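Colleague: One structure follows; several queries about it will come next.
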Amino acid sequence: MLRGIARGIVLVALMALTGACGDTTTINPTPTIVTITETYTGTLIPASAGTFSFTTLTGGSINATLTTLGPDNSKTVGFSLGTFVTASKTCTVILDNAAATQAFSFSATASSIGVYCVRIYDNGSTSTDNVPYTFTITVSHPN
């Protein structure tokens, strides 16, 4: 009698294990890339430049926009996107527009964690006015 009960328990356990061996698909969730937006403002005096660095913690899209430029937004300035060298505090330019106007934008892709930078500089266009130019740069990047 006990043998019959033991066989029944073993049989039920085997059926339970067999039922668990069906076709199952494992879905690995795709990590969500969080994008943050940073805003940099400043004043560009004749024959000067400004550099702003930011860090990405993963790969993804980087968009840098010269959002505002004044007092005359029809003037051009130099605008660059690159990698930031922390030791020397310099921006190694990867993309450059030597005649960017207000609303100009760079779109790039960071392949990994890194420190990147945007740079704005007087290309000679604003020097002729001999007045400071204010600017706003907006950068969205993976956090």
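Naming scheme: A, B, ... for chains in displayed order of the structure tokens; residues 1 onward per chain; ligands 1 onward as shown.
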Give me the residues near Thr41 (chain A) as a compact mmCIF listing (two decimals) with N, CA and C atoms, in the first residue's frame, where near means some atom within 8 Å (using only C-alpha atoms) and where sequence neighbours in that chain fewer than 4 positions away do not count.

Modeller:
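Listed below is the output, out-v4.txt:
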# COMPACT_ATOMS: atom_id res chain seq x y z
N THR A 134 25.00 87.63 -25.67
CA THR A 134 24.52 86.62 -24.73
C THR A 134 24.04 85.41 -25.53
N PHE A 135 24.10 84.25 -24.89
CA PHE A 135 23.71 83.03 -25.58
C PHE A 135 23.13 82.04 -24.59
N THR A 136 22.35 81.12 -25.13
CA THR A 136 21.85 79.96 -24.39
C THR A 136 22.09 78.75 -25.26
N ILE A 137 22.67 77.72 -24.67
CA ILE A 137 22.90 76.45 -25.35
C ILE A 137 22.13 75.38 -24.57

Colleague: Counting only C-alpha atoms, which of A:Ala99, A:Ile36, A:Val77, A:Ile27 gets nearest to Tyr133 (chain A)?

Modeller: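 Residue with the minimum atom-to-atom distance to Tyr133 (chain A): A:Val77.
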
Colleague: Could you give me, as a ChimeraX atom specification, each residue of region 44-124 of chain A that DSSP assigns to strand (DSSP E or B) when run on this structure's backbone?

Modeller: /A:44,49-56,60-70,77-85,90-100,105-110,114-121

Colleague: Export, as a PDB file, in the first residue's frame, the selected residues with C-alpha atoms.

Modeller:
ATOM      1  CA  LEU A  44      30.507  85.939 -25.468  1.00  0.00           C
ATOM      2  CA  ALA A  49      35.106  81.411 -26.358  1.00  0.00           C
ATOM      3  CA  GLY A  50      33.184  79.367 -23.806  1.00  0.00           C
ATOM      4  CA  THR A  51      33.279  75.617 -23.149  1.00  0.00           C
ATOM      5  CA  PHE A  52      30.726  73.566 -21.200  1.00  0.00           C
ATOM      6  CA  SER A  53      31.178  69.898 -20.310  1.00  0.00           C
ATOM      7  CA  PHE A  54      28.625  67.188 -19.539  1.00  0.00           C
ATOM      8  CA  THR A  55      28.821  63.491 -18.678  1.00  0.00           C
ATOM      9  CA  THR A  56      26.860  60.605 -20.150  1.00  0.00           C
ATOM     10  CA  GLY A  60      22.653  57.319 -26.722  1.00  0.00           C
ATOM     11  CA  SER A  61      21.629  60.442 -28.621  1.00  0.00           C
ATOM     12  CA  ILE A  62      23.187  63.820 -27.939  1.00  0.00           C
ATOM     13  CA  ASN A  63      21.513  66.972 -29.251  1.00  0.00           C
ATOM     14  CA  ALA A  64      23.160  70.361 -28.783  1.00  0.00           C
ATOM     15  CA  THR A  65      21.312  73.499 -29.842  1.00  0.00           C
ATOM     16  CA  LEU A  66      22.327  77.144 -29.918  1.00  0.00           C
ATOM     17  CA  THR A  67      18.984  78.194 -28.486  1.00  0.00           C
ATOM     18  CA  THR A  68      19.429  81.954 -28.271  1.00  0.00           C
ATOM     19  CA  LEU A  69      21.989  84.496 -29.462  1.00  0.00           C
ATOM     20  CA  GLY A  70      21.746  88.237 -29.037  1.00  0.00           C
ATOM     21  CA  VAL A  77      29.271  82.304 -34.098  1.00  0.00           C
ATOM     22  CA  GLY A  78      31.403  79.194 -34.003  1.00  0.00           C
ATOM     23  CA  PHE A  79      29.674  76.242 -32.348  1.00  0.00           C
ATOM     24  CA  SER A  80      31.303  72.873 -31.632  1.00  0.00           C
ATOM     25  CA  LEU A  81      30.540  69.491 -30.082  1.00  0.00           C
ATOM     26  CA  GLY A  82      33.327  67.233 -28.904  1.00  0.00           C
ATOM     27  CA  THR A  83      34.918  65.189 -26.158  1.00  0.00           C
ATOM     28  CA  PHE A  84      36.130  66.880 -23.003  1.00  0.00           C
ATOM     29  CA  VAL A  85      39.661  66.224 -21.759  1.00  0.00           C
ATOM     30  CA  THR A  90      39.900  71.350 -23.152  1.00  0.00           C
ATOM     31  CA  CYS A  91      37.272  70.419 -25.691  1.00  0.00           C
ATOM     32  CA  THR A  92      38.545  68.166 -28.472  1.00  0.00           C
ATOM     33  CA  VAL A  93      36.262  69.209 -31.308  1.00  0.00           C
ATOM     34  CA  ILE A  94      34.521  66.420 -33.236  1.00  0.00           C
ATOM     35  CA  LEU A  95      31.797  68.447 -34.982  1.00  0.00           C
ATOM     36  CA  ASP A  96      32.142  72.147 -35.773  1.00  0.00           C
ATOM     37  CA  ASN A  97      30.086  74.806 -37.474  1.00  0.00           C
ATOM     38  CA  ALA A  98      32.181  77.953 -37.882  1.00  0.00           C
ATOM     39  CA  ALA A  99      29.100  79.967 -38.893  1.00  0.00           C
ATOM     40  CA  ALA A 100      26.250  78.780 -36.664  1.00  0.00           C
ATOM     41  CA  SER A 105      21.668  72.076 -33.751  1.00  0.00           C
ATOM     42  CA  PHE A 106      24.106  69.165 -33.718  1.00  0.00           C
ATOM     43  CA  SER A 107      22.838  65.586 -33.427  1.00  0.00           C
ATOM     44  CA  ALA A 108      25.306  62.865 -32.534  1.00  0.00           C
ATOM     45  CA  THR A 109      25.428  59.479 -30.840  1.00  0.00           C
ATOM     46  CA  ALA A 110      27.554  58.639 -27.834  1.00  0.00           C
ATOM     47  CA  GLY A 114      32.032  59.685 -21.491  1.00  0.00           C
ATOM     48  CA  VAL A 115      32.601  63.342 -20.851  1.00  0.00           C
ATOM     49  CA  TYR A 116      31.578  65.497 -23.778  1.00  0.00           C
ATOM     50  CA  CYS A 117      31.510  69.242 -24.416  1.00  0.00           C
ATOM     51  CA  VAL A 118      29.977  72.078 -26.369  1.00  0.00           C
ATOM     52  CA  ARG A 119      31.984  75.129 -27.306  1.00  0.00           C
ATOM     53  CA  ILE A 120      30.896  78.536 -28.551  1.00  0.00           C
ATOM     54  CA  TYR A 121      33.379  81.013 -29.955  1.00  0.00           C
TER      55      TYR A 121
END
